[in-house]
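Asker: Input structure: upload_13.cif, which contains mmCIF, C-alpha atoms and all ligand atoms.
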```cif
data_my_file
#
loop_
_atom_site.label_atom_id
_atom_site.label_comp_id
_atom_site.auth_asym_id
_atom_site.auth_seq_id
_atom_site.Cartn_x
_atom_site.Cartn_y
_atom_site.Cartn_z
CA MET J 16 124.00 92.48 97.91
CA ILE J 17 121.01 91.89 95.66
CA SER J 18 121.45 88.89 93.43
CA MET J 19 118.95 88.85 90.64
CA SER J 20 120.69 88.09 87.41
CA HIS J 21 118.34 85.16 86.79
CA ASN J 22 115.42 87.60 86.98
CA GLN J 23 117.04 89.88 84.44
CA ALA J 24 117.71 86.91 82.18
CA ASP J 25 114.02 85.96 82.38
CA SER J 26 112.80 89.47 81.66
CA LEU J 27 111.21 90.17 78.30
CA ALA J 28 111.67 93.92 78.69
CA TRP J 29 114.46 96.34 77.79
CA ALA J 30 114.62 97.60 81.35
CA LEU J 31 113.81 96.09 84.71
CA LEU J 32 113.28 97.62 88.13
CA THR J 33 113.84 95.10 90.90
CA ILE J 34 112.60 95.77 94.42
CA ASP J 35 113.98 93.48 97.10
CA LEU J 36 111.24 93.13 99.73
CA ALA J 37 113.48 90.95 101.92
CA ALA J 38 116.03 93.79 102.08
CA LEU J 39 113.19 96.24 102.78
CA LYS J 40 112.00 94.11 105.71
CA ALA J 41 115.57 93.69 107.00
CA ASN J 42 115.92 97.49 106.95
CA TYR J 43 112.66 97.80 108.88
CA ARG J 44 113.82 95.35 111.55
CA MET J 45 117.24 96.97 111.85
CA LEU J 46 115.73 100.44 112.35
CA ALA J 47 113.03 99.10 114.69
CA ASP J 48 115.75 97.52 116.86
CA ARG J 49 117.72 100.74 116.78
CA VAL J 50 114.89 102.97 118.03
CA ARG J 51 113.29 100.58 120.53
CA PRO J 52 111.44 101.17 122.88
CA ALA J 53 110.09 103.75 120.42
CA GLU J 54 107.93 102.22 117.69
CA LEU J 55 108.90 102.44 114.05
CA ALA J 56 106.38 103.76 111.52
CA ALA J 57 106.82 103.55 107.75
CA VAL J 58 106.39 106.57 105.50
CA VAL J 59 104.88 105.27 102.26
CA LYS J 60 103.81 108.55 100.66
CA ALA J 61 104.37 109.10 96.92
CA ASP J 62 103.67 105.42 96.21
CA ALA J 63 106.29 104.36 98.77
CA TYR J 64 108.87 106.71 97.24
CA GLY J 65 108.06 105.31 93.81
CA LEU J 66 108.55 101.65 94.77
CA GLY J 67 104.85 100.69 94.88
CA ALA J 68 102.93 101.26 98.12
CA VAL J 69 100.54 98.32 97.65
CA ASN J 70 103.53 95.94 97.58
CA VAL J 71 105.83 97.73 99.99
CA ALA J 72 103.34 98.47 102.79
CA PRO J 73 102.04 94.88 103.25
CA ALA J 74 105.66 93.62 103.29
CA LEU J 75 106.41 96.12 106.07
CA ALA J 76 103.26 95.07 107.93
CA SER J 77 104.49 91.48 107.80
CA ALA J 78 107.76 92.72 109.37
CA GLY J 79 105.74 94.16 112.28
CA CYS J 80 104.95 97.72 111.15
CA ARG J 81 101.62 99.05 112.49
CA HIS J 82 101.80 102.76 111.58
CA PHE J 83 101.90 104.07 108.00
CA PHE J 84 102.12 107.65 106.77
CA VAL J 85 101.00 108.95 103.37
CA ALA J 86 100.72 112.56 102.17
CA HIS J 87 97.22 112.57 100.62
CA LEU J 88 93.81 111.15 101.44
CA SER J 89 93.73 109.54 97.97
CA GLU J 90 96.94 107.67 98.83
CA ALA J 91 95.38 106.48 102.09
CA ALA J 92 92.23 105.33 100.26
CA ALA J 93 94.27 103.35 97.75
CA LEU J 94 96.34 101.71 100.47
CA ARG J 95 93.61 100.94 103.05
CA PRO J 96 92.39 97.65 101.45
CA HIS J 97 95.96 96.32 101.30
CA LEU J 98 96.71 96.62 105.02
CA PRO J 99 95.33 94.73 108.04
CA ALA J 100 92.72 96.68 110.03
CA ALA J 101 95.15 96.88 112.97
CA CYS J 102 97.43 99.12 110.89
CA ALA J 103 96.84 102.87 111.19
CA ILE J 104 97.22 105.11 108.13
CA TYR J 105 97.98 108.79 108.75
CA VAL J 106 97.50 111.55 106.16
CA LEU J 107 100.41 113.99 106.56
CA ASN J 108 99.06 116.92 104.58
CA GLY J 109 95.79 116.95 106.46
CA LEU J 110 92.38 117.27 104.88
CA PRO J 111 91.17 119.66 102.18
CA PRO J 112 87.82 121.25 103.21
CA GLY J 113 84.89 118.89 102.59
CA THR J 114 86.82 115.62 102.83
CA GLU J 115 86.36 115.09 106.59
CA ARG J 116 83.48 112.61 106.27
CA ARG J 117 85.29 110.61 103.62
CA CYS J 118 88.30 110.39 105.91
CA THR J 119 86.18 109.14 108.85
CA ARG J 120 84.44 106.60 106.63
CA LEU J 121 87.80 105.27 105.42
CA GLY J 122 89.00 104.98 109.00
CA VAL J 123 92.25 106.81 108.35
CA VAL J 124 93.87 109.35 110.66
CA PRO J 125 94.32 112.93 109.45
CA VAL J 126 97.29 114.95 110.61
CA LEU J 127 95.76 118.29 111.58
CA ASN J 128 98.14 121.08 110.66
CA SER J 129 96.27 124.28 111.48
CA LEU J 130 93.55 125.62 113.80
CA ASP J 131 91.20 125.65 110.81
CA GLN J 132 91.82 121.94 110.22
CA VAL J 133 91.29 121.26 113.95
CA ARG J 134 87.92 123.08 113.91
CA ARG J 135 86.72 121.33 110.78
CA TRP J 136 87.73 117.94 112.13
CA VAL J 137 86.06 118.48 115.50
CA ASP J 138 82.86 119.61 113.74
CA ALA J 139 82.96 116.56 111.48
CA ALA J 140 83.16 114.33 114.55
CA ARG J 141 79.47 115.12 115.16
CA TRP J 142 78.51 113.07 112.12
CA GLY J 143 80.00 109.81 113.23
CA LYS J 144 81.24 108.17 116.36
CA ASP J 145 82.56 110.54 118.98
CA ARG J 146 85.99 112.04 118.60
CA PRO J 147 87.50 110.00 115.78
CA PRO J 148 91.28 109.78 116.13
CA ALA J 149 93.43 112.55 114.71
CA ALA J 150 97.09 113.43 114.89
CA LEU J 151 98.20 116.96 115.56
CA GLN J 152 101.26 118.52 113.96
CA LEU J 153 103.13 121.35 115.66
CA ASP J 154 105.70 123.59 113.99
CA SER J 155 108.84 123.21 116.08
CA GLY J 156 110.99 125.33 113.80
CA MET J 157 110.83 124.13 110.19
CA SER J 158 108.11 126.64 109.22
CA ARG J 159 106.41 124.17 106.90
CA LEU J 160 103.33 122.46 108.33
CA GLY J 161 101.75 122.37 111.75
CA LEU J 162 100.29 124.71 114.35
CA SER J 163 102.52 127.68 115.12
CA PRO J 164 103.34 128.43 118.76
CA ALA J 165 100.70 131.22 118.61
CA GLU J 166 98.06 128.76 117.38
CA VAL J 167 99.06 126.28 120.10
CA ALA J 168 98.50 129.03 122.67
CA MET J 169 95.09 129.87 121.19
CA LEU J 170 94.07 126.22 121.20
CA ALA J 171 95.30 125.81 124.78
CA GLN J 172 92.99 128.66 125.85
CA ASP J 173 89.95 127.42 123.90
CA SER J 174 88.83 124.75 126.35
CA ALA J 175 85.60 124.02 124.45
CA LEU J 176 87.54 123.20 121.30
CA ARG J 177 90.29 121.38 123.15
CA SER J 178 87.94 119.14 125.09
CA ARG J 179 86.60 117.80 121.81
CA LEU J 180 90.02 117.14 120.31
CA ALA J 181 91.80 114.01 121.50
CA PRO J 182 94.96 113.65 119.41
CA CYS J 183 96.27 110.10 119.38
CA LEU J 184 99.64 111.43 118.21
CA ILE J 185 101.38 114.78 118.47
CA MET J 186 104.12 115.22 115.91
CA SER J 187 106.58 117.58 114.33
CA HIS J 188 109.32 117.26 111.69
CA LEU J 189 113.06 117.92 111.79
CA ALA J 190 114.59 120.20 109.17
CA CYS J 191 118.22 119.04 109.59
CA ALA J 192 118.02 115.43 110.80
CA ASP J 193 120.55 114.30 108.17
CA THR J 194 123.22 116.58 109.66
CA PRO J 195 123.57 115.69 113.38
CA GLU J 196 125.99 118.55 114.12
CA GLN J 197 123.28 121.14 113.36
CA ALA J 198 122.16 122.94 116.53
CA ALA J 199 118.70 123.22 114.94
CA ASN J 200 118.01 119.58 115.89
CA ALA J 201 118.31 120.14 119.66
CA ASN J 202 116.41 123.43 119.35
CA GLN J 203 113.53 121.73 117.55
CA LEU J 204 113.39 118.93 120.12
CA LYS J 205 113.22 121.44 122.96
CA GLN J 206 110.59 123.56 121.22
CA PHE J 207 108.51 120.49 120.31
CA LEU J 208 108.49 119.15 123.87
CA SER J 209 107.53 122.51 125.33
CA LEU J 210 104.65 122.92 122.84
CA ALA J 211 103.45 119.33 123.28
CA ARG J 212 103.36 119.78 127.06
CA GLN J 213 100.38 122.11 126.62
CA PHE J 214 98.21 119.15 125.57
CA PRO J 215 97.03 116.10 127.48
CA PRO J 216 99.55 113.26 127.27
CA ALA J 217 99.67 111.64 123.82
CA ALA J 218 102.21 109.63 121.86
CA LEU J 219 104.94 111.92 120.51
CA SER J 220 106.79 111.71 117.20
CA LEU J 221 109.58 113.89 115.83
CA ALA J 222 112.20 111.79 114.03
CA ASN J 223 112.41 110.65 110.40
CA SER J 224 115.12 108.32 108.99
CA GLY J 225 117.88 110.77 109.84
CA GLY J 226 116.36 111.30 113.28
CA ALA J 227 116.56 107.55 113.94
CA PHE J 228 120.36 108.02 113.92
CA LEU J 229 120.28 111.00 116.28
CA PRO J 230 120.52 110.34 120.06
CA SER J 231 117.64 108.34 121.51
CA SER J 232 116.17 111.49 123.12
CA PHE J 233 114.91 112.31 119.61
CA HIS J 234 113.05 109.01 119.16
CA LEU J 235 110.22 109.68 121.65
CA ASP J 236 107.29 107.26 121.06
CA LEU J 237 107.21 106.87 117.28
CA VAL J 238 109.89 107.27 114.59
CA ARG J 239 108.65 107.87 111.03
CA ALA J 240 111.14 106.36 108.59
CA GLY J 241 110.97 106.64 104.83
CA ILE J 242 114.17 106.82 102.78
CA ALA J 243 116.26 104.51 105.00
CA LEU J 244 113.72 101.70 104.58
CA TYR J 245 114.21 102.04 100.82
CA GLY J 246 117.96 101.60 101.19
CA ALA J 247 119.38 105.11 100.97
CA ALA J 248 121.78 106.59 103.51
CA PRO J 249 119.84 108.28 106.33
CA GLN J 250 122.53 110.89 107.03
CA GLN J 251 125.03 112.89 105.03
CA ASP J 252 128.14 111.38 106.60
CA GLY J 253 128.75 109.06 103.65
CA ILE J 254 128.05 105.93 105.69
CA ASN J 255 125.14 103.77 104.63
CA PRO J 256 124.14 101.07 107.12
CA MET J 257 121.03 100.13 105.11
CA ARG J 258 120.65 97.23 102.67
CA PRO J 259 120.03 98.27 99.05
CA VAL J 260 116.43 97.65 98.00
CA VAL J 261 116.37 98.90 94.42
CA ARG J 262 118.18 97.70 91.35
CA LEU J 263 117.62 99.23 87.93
CA GLY J 264 119.02 97.36 84.96
CA ALA J 265 118.65 97.80 81.21
CA ARG J 266 119.56 95.76 78.17
CA ILE J 267 121.70 97.10 75.38
CA ILE J 268 119.42 97.51 72.36
CA GLN J 269 122.12 98.16 69.80
CA ILE J 270 125.88 98.83 69.52
CA ARG J 271 127.47 100.81 66.67
CA THR J 272 131.01 101.81 65.76
CA ILE J 273 131.43 105.47 64.78
CA LEU J 274 134.32 107.41 63.29
CA ALA J 275 136.25 110.11 65.16
CA GLY J 276 134.27 113.33 65.37
CA THR J 277 130.87 111.75 64.69
CA GLY J 278 128.11 113.28 66.82
CA VAL J 279 125.94 111.23 69.19
CA GLY J 280 122.36 112.03 70.24
CA TYR J 281 120.30 115.25 70.14
CA GLY J 282 122.45 118.29 69.46
CA LEU J 283 125.36 115.95 68.56
CA SER J 284 126.89 117.03 71.86
CA PHE J 285 129.23 114.05 72.17
CA ARG J 286 131.94 113.68 69.52
CA PRO J 287 134.67 111.11 70.21
CA ARG J 288 138.29 111.99 69.38
CA GLY J 289 138.92 108.59 67.87
CA GLU J 290 136.85 105.72 66.54
CA ALA J 291 134.33 104.76 69.21
CA ARG J 292 131.74 102.13 70.04
CA ILE J 293 128.40 103.44 71.26
CA ALA J 294 125.77 101.28 72.98
CA THR J 295 122.15 102.45 73.34
CA ILE J 296 119.79 101.36 76.13
CA GLY J 297 116.05 101.88 76.47
CA VAL J 298 115.96 104.22 79.46
CA GLY J 299 115.39 107.95 79.11
CA TYR J 300 114.09 110.96 80.95
CA ALA J 301 110.48 109.76 80.56
CA ASP J 302 111.55 106.87 82.80
CA GLY J 303 112.73 109.35 85.41
CA TRP J 304 116.38 109.09 84.45
CA PRO J 305 117.69 112.64 84.98
CA ARG J 306 118.29 114.47 81.72
CA ASN J 307 121.15 116.40 83.31
CA LEU J 308 123.16 113.15 83.38
CA GLY J 309 123.81 113.60 79.65
CA ASN J 310 127.61 113.58 79.07
CA ARG J 311 127.98 113.34 82.86
CA GLY J 312 126.47 110.18 84.36
CA THR J 313 127.53 106.55 83.98
CA VAL J 314 126.11 103.05 83.86
CA HIS J 315 127.94 99.90 84.97
CA PHE J 316 128.75 96.70 83.15
CA GLN J 317 130.45 93.88 85.06
CA GLY J 318 132.45 96.29 87.20
CA ALA J 319 133.31 98.73 84.39
CA ARG J 320 132.06 102.33 84.39
CA LEU J 321 130.58 103.36 81.07
CA PRO J 322 130.12 107.10 80.54
CA ILE J 323 126.83 108.38 79.14
CA ALA J 324 127.59 109.74 75.66
CA GLY J 325 125.49 112.69 74.52
CA ARG J 326 122.15 113.86 75.81
CA VAL J 327 119.59 111.64 77.52
CA SER J 328 116.61 111.18 75.16
CA MET J 329 113.01 110.59 76.22
CA ASP J 330 113.16 106.80 75.82
CA SER J 331 116.84 106.01 75.46
CA LEU J 332 120.38 107.02 76.20
CA SER J 333 123.76 106.01 74.79
CA VAL J 334 126.96 105.02 76.55
CA ASP J 335 130.55 104.88 75.33
CA VAL J 336 131.80 101.29 75.48
CA THR J 337 135.04 101.94 73.57
CA ALA J 338 137.18 101.19 76.66
CA LEU J 339 135.88 97.60 76.87
CA PRO J 340 137.58 94.89 74.82
CA ALA J 341 135.70 94.31 71.56
CA ASN J 342 133.23 91.42 71.82
CA SER J 343 133.12 91.64 75.64
CA ILE J 344 129.78 93.47 75.42
CA LYS J 345 126.97 92.93 72.94
CA ALA J 346 123.35 93.79 72.22
CA GLY J 347 121.08 92.09 74.77
CA ASP J 348 123.60 92.40 77.64
CA TRP J 349 122.41 94.02 80.88
CA VAL J 350 123.94 97.15 82.35
CA ASP J 351 123.13 98.60 85.78
CA LEU J 352 121.85 102.13 86.29
CA ILE J 353 121.24 101.62 90.01
CA GLY J 354 122.95 98.64 91.60
CA PRO J 355 125.85 97.39 93.69
CA ASP J 356 128.46 99.31 91.63
CA GLN J 357 126.38 102.45 91.25
CA PRO J 358 124.37 103.15 94.39
CA LEU J 359 121.46 105.56 94.53
CA GLU J 360 123.57 108.19 96.34
CA GLU J 361 126.09 108.30 93.48
CA VAL J 362 123.38 108.74 90.87
CA ALA J 363 121.79 111.51 92.94
CA LEU J 364 125.10 113.29 93.46
CA ALA J 365 125.94 113.20 89.74
CA ALA J 366 122.45 114.52 88.93
CA GLU J 367 122.78 117.27 91.56
CA THR J 368 119.78 116.02 93.49
CA ILE J 369 118.95 113.65 96.36
CA PRO J 370 118.11 109.93 96.41
CA TYR J 371 114.49 110.83 97.29
CA GLU J 372 114.02 112.55 93.95
CA ILE J 373 115.71 109.82 91.92
CA LEU J 374 113.41 107.19 93.49
CA THR J 375 110.15 109.13 93.30
CA ARG J 376 110.74 109.96 89.62
CA LEU J 377 111.28 106.36 88.48
CA GLY J 378 107.65 106.21 87.41
CA GLN J 379 105.46 103.45 86.05
CA ARG J 380 107.18 102.53 82.78
CA TYR J 381 109.64 99.90 83.96
CA ASP J 382 108.84 96.24 84.16
CA ARG J 383 109.00 95.50 87.86
CA ILE J 384 109.93 92.49 89.91
CA TYR J 385 109.38 92.25 93.65
CA LEU J 386 111.67 89.72 95.32
CA ASP J 387 110.38 87.71 98.28
CA ASP J 388 112.35 86.37 101.26
CA ASP J 389 114.02 83.70 99.12
CA GLY J 390 115.05 86.19 96.47
CA ASP J 391 112.43 84.78 94.10
CA PRO J 392 110.10 86.97 92.06
CA MET J 393 106.62 87.16 93.56
CA LEU J 394 103.24 88.00 92.14
CA CYS J 395 102.27 91.50 93.13
CA PRO J 396 98.66 92.56 93.85
CA GLU J 397 98.49 94.74 90.72
CA LYS J 398 99.36 91.80 88.49
CA GLU J 399 97.00 89.40 90.30
CA ALA J 400 94.11 91.79 89.77
CA THR J 401 94.42 91.87 85.97
C1 LIG J 501 108.55 112.38 104.30
C2 LIG J 501 108.40 112.53 105.76
C3 LIG J 501 109.03 111.61 106.63
C4 LIG J 501 110.03 110.57 106.18
O1 LIG J 501 111.29 111.18 105.96
P1 LIG J 501 112.56 110.31 105.56
O2 LIG J 501 113.65 111.32 105.54
O3 LIG J 501 112.28 109.74 104.21
O4 LIG J 501 112.73 109.27 106.59
C5 LIG J 501 108.72 111.70 107.98
N1 LIG J 501 107.88 112.65 108.45
C6 LIG J 501 107.29 113.57 107.63
C7 LIG J 501 106.38 114.59 108.22
C8 LIG J 501 107.55 113.54 106.28
O5 LIG J 501 106.99 114.47 105.48
#
```
Kindly return the structure encoded in the file as structure tokens.

Answerer:
Amino acid sequence: MISMSHNQADSLAWALLTIDLAALKANYRMLADRVRPAELAAVVKADAYGLGAVNVAPALASAGCRHFFVAHLSEAAALRPHLPAACAIYVLNGLPPGTERRCTRLGVVPVLNSLDQVRRWVDAARWGKDRPPAALQLDSGMSRLGLSPAEVAMLAQDSALRSRLAPCLIMSHLACADTPEQAANANQLKQFLSLARQFPPAALSLANSGGAFLPSSFHLDLVRAGIALYGAAPQQDGINPMRPVVRLGARIIQIRTILAGTGVGYGLSFRPRGEARIATIGVGYADGWPRNLGNRGTVHFQGARLPIAGRVSMDSLSVDVTALPANSIKAGDWVDLIGPDQPLEEVALAAETIPYEILTRLGQRYDRIYLDDDGDPMLCPEKEAT
């Protein structure tokens, strides 16, 4: 469990996002052990799922991670200076036309997703050192990114093109890895292996976080984990073996007592039947807190569930604290929005979405603390730079 109340007490802000880098590293080591002898890569796209790639990625590197995946070249460029040279950065979405030279100069590895991307990359190789490394993605059945079986066949027949392409990694992505009983998983594995066989031997990668919990035949050479590193359950079976990494707390700004029938918030959509006490905190939908949690979600205070009363505003929301004994809660007290009593999965379920979306929407408005191995707040690169 994350213990950080002293950090909250020290905070000068109304809301605080705490990211436990020790838990993150423990999750990395646990997954790495699980998939060995396959290697474990970290997916740090979308600013490490909203948790801050320039802090998260170096922590993972210190835990032994050598392969990092982002979605965009701009994400790779921002991350490159923060990682040791021995760490490879892969760009999952591949390269928009005209960015090939920039990619080579940065020394990052594009994931080539189509024959067009393969041709452009091979042509770009003429500018610099021979055959810069590239990964190749094959579509094994998700119909999203990667060379189709027809394109694989065309590439296999084009020996001139193929001789100039030396993929360091051949990869694909599972559509149903979070539901092991789905036959699609075995079908994708079979299809991926038969497509990959048409290329010279290269490292193979198919599994994401969910895939790490499928049989070891899915792990191949490299597993690409994202969400499980950040503490969310890798599969839909309701079991979460990961340590929580994120805690989101907020202080009560103000508490008021209202008479029966008095409306709360925009549209006055909450009207208590009796006299009620309403506490307001400084977290709203502009902080990524889902607006559809109005009159539906909860926050937690010392083990008690407090229902959200009325709509979620842009910068604040209100909760009904009537059930708590008077004087047991006051302005300045901290409540948890994500924490031990209210895990990410519960918030996502209530908001009719997935933990991925809750995390990636958290945004840049919270004060943040990154905890080191001793559970102490550490200086993060962003803060050092200013
Ligand atoms: C996002 C992504 C991952 C990581 O998925 P998780 O479910 O977060 O582990 C792995 N591979 C690809 C291609 C991805 O797009």

Asker: Which protein, DNA or RNA residues have an atom at most 8 Å from (111.2, 110.4, 89.6), counting all atoms listed in the file? List them as a list in words.

Answerer: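 Those residues, ordered by chain and then number, are Gly65, Asp302, Gly303, Trp304, Glu372, Ile373, Leu374, Thr375, Arg376, Leu377 and Gly378 of chain J.
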
Asker: So that all listed atoms of ligand LIG 501 (chain J) fit with 8 Å spare on each side, what axis-aligned box centre and edge lengths in Å, to one decimal, would you give as AutoDock Vina command-line options?

Answerer:
```
--center_x 110.0 --center_y 111.9 --center_z 106.3 --size_x 23.3 --size_y 21.3 --size_z 20.2
```

Asker: Taking all atoms listed in the file into account, which residues have an atom no farther than 10 Å from ligand LIG 501 (chain J)? I'd like them as a PyMOL selection string.

Answerer: chain J and resi 56-61+63-64+84-86+106-108+126+152+159-161+186-193+220-227+238-245+247-250+370-371

Asker: Go ahead and compute the interatomic distance for CA of Val71 in chain J and CA of Pro358 in chain J, in Å to one decimal.

Answerer: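 CA of Pro358 in chain J lies at a distance of 20.1 Å from CA of Val71 in chain J.
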
Asker: Name the closest residue to Asp154 in chain J among the candidates J:Leu184, J:Ile267, J:Cys102, J:Leu210; distances are taken between atoms, counting all atoms listed in the file.

Answerer: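 Selected residue with least distance to Asp154 in chain J: J:Leu210.
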
Asker: What would the list of residues within 8 Å of (100.6, 91.1, 104.4) (file frame) look like as an MDAnalysis selection string, if all atoms listed in the file are what count?

Answerer: chainID J and resid 73:77 97:99

Asker: Take CA of His87 in chain J and CA of Gly109 in chain J and report the distance between them in Å, one decimal.

Answerer: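 Taking CA of His87 in chain J as the start and CA of Gly109 in chain J as the end point, the length is 7.4 Å.
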
Asker: When you look at Glu196 in chain J with a cut-off of 12 Å (counting only C-alpha atoms), what residues show up, excluding the ones that are within fewer than 4 positions of it in the same chain? I need them as a list in words.

Answerer: Cys191, Ala192, Asn200, Ala201, Asn202, Phe228, Leu229, Pro230, Gln250, Gln251 and Asp252 of chain J
